[in-house]
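A.B. asks: My structure is below; once you've seen it, I'll send some questions.
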Amino acid sequence: MAFTRWVRSVSEKQLLTAAQTVIAKRYGVAPPPRPTGPDVFWQKVYAPIYHRLPWKFRARLMTAMPGSHRQKWTRRPPSGGPAI
């Protein structure tokens, strides 16, 4: 797996976990398990900084990183006439 894909997948997972923690706190239900190991960095440093960044900066950063959101679709060839 390329580095940028790894960063994207880990950040998606950690941002989802951070959102689940916020929602659990809001509704008074059991939060996800506490982070351990490298997940502590992602939950305590990355997620809060990410949410404080302005949207324009986040969008520019996402488009700069290669990943699944930058698929190049091929154009369909022009139709050769009626379908029937």
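For the structure tokens, the naming scheme is as follows: chains receive sequential letters (A, B, ...) according to their order of presentation, residues are indexed from 1 within each chain, and ligands are indexed from 1 in presentation order.
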Considering only C-alpha atoms, return as JSON, numbers by chain whatever protein or nucleic-acid residues lie within 12 Å of Pro33 (chain A), sequence-local ones (same chain, fewer than 2 positions apart) excluded.

C.D. replies: {"A": [17, 18, 20, 21, 24, 30, 31, 35, 36, 39, 40, 43]}

A.B. asks: Could the residues in this selection be written to a file with all heavy atoms, as a JSON list (two decimals), in the first residue's frame?

C.D. replies:
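Heads up, here's the output in again_31.json:
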[["chain", "number", "residue", "atom", "x", "y", "z"],
["A", 17, "THR", "N", -13.64, 7.21, 14.48],
["A", 17, "THR", "CA", -13.61, 6.87, 15.90],
["A", 17, "THR", "C", -13.79, 8.12, 16.76],
["A", 17, "THR", "O", -14.51, 8.09, 17.76],
["A", 17, "THR", "CB", -12.30, 6.16, 16.26],
["A", 17, "THR", "OG1", -12.14, 5.03, 15.42],
["A", 17, "THR", "CG2", -12.29, 5.71, 17.71],
["A", 18, "ALA", "N", -13.16, 9.23, 16.38],
["A", 18, "ALA", "CA", -13.32, 10.49, 17.12],
["A", 18, "ALA", "C", -14.77, 10.97, 17.07],
["A", 18, "ALA", "O", -15.31, 11.43, 18.08],
["A", 18, "ALA", "CB", -12.38, 11.55, 16.56],
["A", 20, "GLN", "N", -17.41, 9.05, 16.67],
["A", 20, "GLN", "CA", -18.19, 8.13, 17.50],
["A", 20, "GLN", "C", -18.05, 8.47, 18.98],
["A", 20, "GLN", "O", -19.02, 8.38, 19.74],
["A", 20, "GLN", "CB", -17.75, 6.69, 17.25],
["A", 20, "GLN", "CG", -18.15, 6.16, 15.91],
["A", 20, "GLN", "CD", -17.53, 4.80, 15.61],
["A", 20, "GLN", "OE1", -16.55, 4.41, 16.22],
["A", 20, "GLN", "NE2", -18.11, 4.11, 14.64],
["A", 21, "THR", "N", -16.87, 8.90, 19.39],
["A", 21, "THR", "CA", -16.65, 9.29, 20.78],
["A", 21, "THR", "C", -17.47, 10.51, 21.14],
["A", 21, "THR", "O", -18.10, 10.56, 22.20],
["A", 21, "THR", "CB", -15.15, 9.56, 21.02],
["A", 21, "THR", "OG1", -14.41, 8.40, 20.67],
["A", 21, "THR", "CG2", -14.87, 9.91, 22.47],
["A", 24, "ALA", "N", -21.17, 9.48, 21.29],
["A", 24, "ALA", "CA", -21.43, 8.68, 22.48],
["A", 24, "ALA", "C", -21.50, 9.57, 23.71],
["A", 24, "ALA", "O", -22.37, 9.38, 24.58],
["A", 24, "ALA", "CB", -20.33, 7.64, 22.66],
["A", 30, "ALA", "N", -21.96, 4.20, 25.89],
["A", 30, "ALA", "CA", -20.56, 3.77, 26.05],
["A", 30, "ALA", "C", -19.74, 4.17, 24.82],
["A", 30, "ALA", "O", -20.11, 3.85, 23.70],
["A", 30, "ALA", "CB", -20.50, 2.27, 26.24],
["A", 31, "PRO", "N", -18.63, 4.89, 25.04],
["A", 31, "PRO", "CA", -17.78, 5.29, 23.91],
["A", 31, "PRO", "C", -16.94, 4.11, 23.41],
["A", 31, "PRO", "O", -16.85, 3.08, 24.08],
["A", 31, "PRO", "CB", -16.88, 6.37, 24.52],
["A", 31, "PRO", "CG", -16.81, 6.03, 25.96],
["A", 31, "PRO", "CD", -18.14, 5.40, 26.31],
["A", 35, "PRO", "N", -7.94, 4.74, 22.98],
["A", 35, "PRO", "CA", -6.86, 4.44, 22.04],
["A", 35, "PRO", "C", -5.60, 3.99, 22.76],
["A", 35, "PRO", "O", -5.32, 4.42, 23.88],
["A", 35, "PRO", "CB", -6.64, 5.78, 21.32],
["A", 35, "PRO", "CG", -7.17, 6.81, 22.25],
["A", 35, "PRO", "CD", -8.26, 6.16, 23.03],
["A", 36, "THR", "N", -4.85, 3.13, 22.09],
["A", 36, "THR", "CA", -3.57, 2.66, 22.63],
["A", 36, "THR", "C", -2.53, 2.72, 21.52],
["A", 36, "THR", "O", -2.87, 2.71, 20.33],
["A", 36, "THR", "CB", -3.67, 1.20, 23.13],
["A", 36, "THR", "OG1", -4.10, 0.38, 22.05],
["A", 36, "THR", "CG2", -4.63, 1.08, 24.29],
["A", 39, "ASP", "N", -2.46, 4.92, 18.03],
["A", 39, "ASP", "CA", -3.80, 5.51, 17.93],
["A", 39, "ASP", "C", -3.94, 6.72, 18.85],
["A", 39, "ASP", "O", -4.77, 7.60, 18.59],
["A", 39, "ASP", "CB", -4.87, 4.49, 18.26],
["A", 39, "ASP", "CG", -4.97, 3.39, 17.21],
["A", 39, "ASP", "OD1", -4.45, 3.60, 16.09],
["A", 39, "ASP", "OD2", -5.56, 2.34, 17.51],
["A", 40, "VAL", "N", -3.15, 6.78, 19.90],
["A", 40, "VAL", "CA", -3.20, 7.92, 20.83],
["A", 40, "VAL", "C", -2.85, 9.20, 20.08],
["A", 40, "VAL", "O", -3.52, 10.22, 20.23],
["A", 40, "VAL", "CB", -2.26, 7.71, 22.03],
["A", 40, "VAL", "CG1", -2.19, 8.95, 22.90],
["A", 40, "VAL", "CG2", -2.71, 6.52, 22.85],
["A", 43, "GLN", "N", -5.76, 10.22, 17.80],
["A", 43, "GLN", "CA", -6.95, 10.68, 18.51],
["A", 43, "GLN", "C", -6.71, 11.97, 19.28],
["A", 43, "GLN", "O", -7.60, 12.81, 19.35],
["A", 43, "GLN", "CB", -7.42, 9.60, 19.49],
["A", 43, "GLN", "CG", -8.00, 8.39, 18.83],
["A", 43, "GLN", "CD", -9.29, 8.71, 18.10],
["A", 43, "GLN", "OE1", -10.16, 9.35, 18.63],
["A", 43, "GLN", "NE2", -9.39, 8.25, 16.87]]

A.B. asks: Residues near region 10-15 of chain A, anyone? I mean within 12 Å using only C-alpha atoms, not counting same-chain ones fewer than 4 positions away, as a PyMOL selection string.

C.D. replies: chain A and resi 1+3-6+19-22+32+34-35+38-51+62

A.B. asks: Could you state the separation of CA of Thr74 (chain A) and CA of Ala59 (chain A) in Å, given to one decimal place?

C.D. replies: 24.0 Å

A.B. asks: My list of candidates is A:Gly80, A:Val29, A:Arg8, A:Leu16. Which is closest to Leu61 (chain A) when distances are computed with only C-alpha atoms?

C.D. replies: A:Arg8

A.B. asks: Could you please write out, as JSON, numbers by chain, every residue of chain A that DSSP assigns to alpha helix (DSSP H)?

C.D. replies: {"A": [3, 4, 5, 6, 7, 8, 9, 10, 11, 12, 13, 14, 15, 16, 17, 18, 19, 20, 21, 22, 23, 24, 25, 26, 27, 39, 40, 41, 47, 48, 49, 50, 51, 52, 55, 56, 57, 58, 59, 60, 61, 62, 63, 64]}
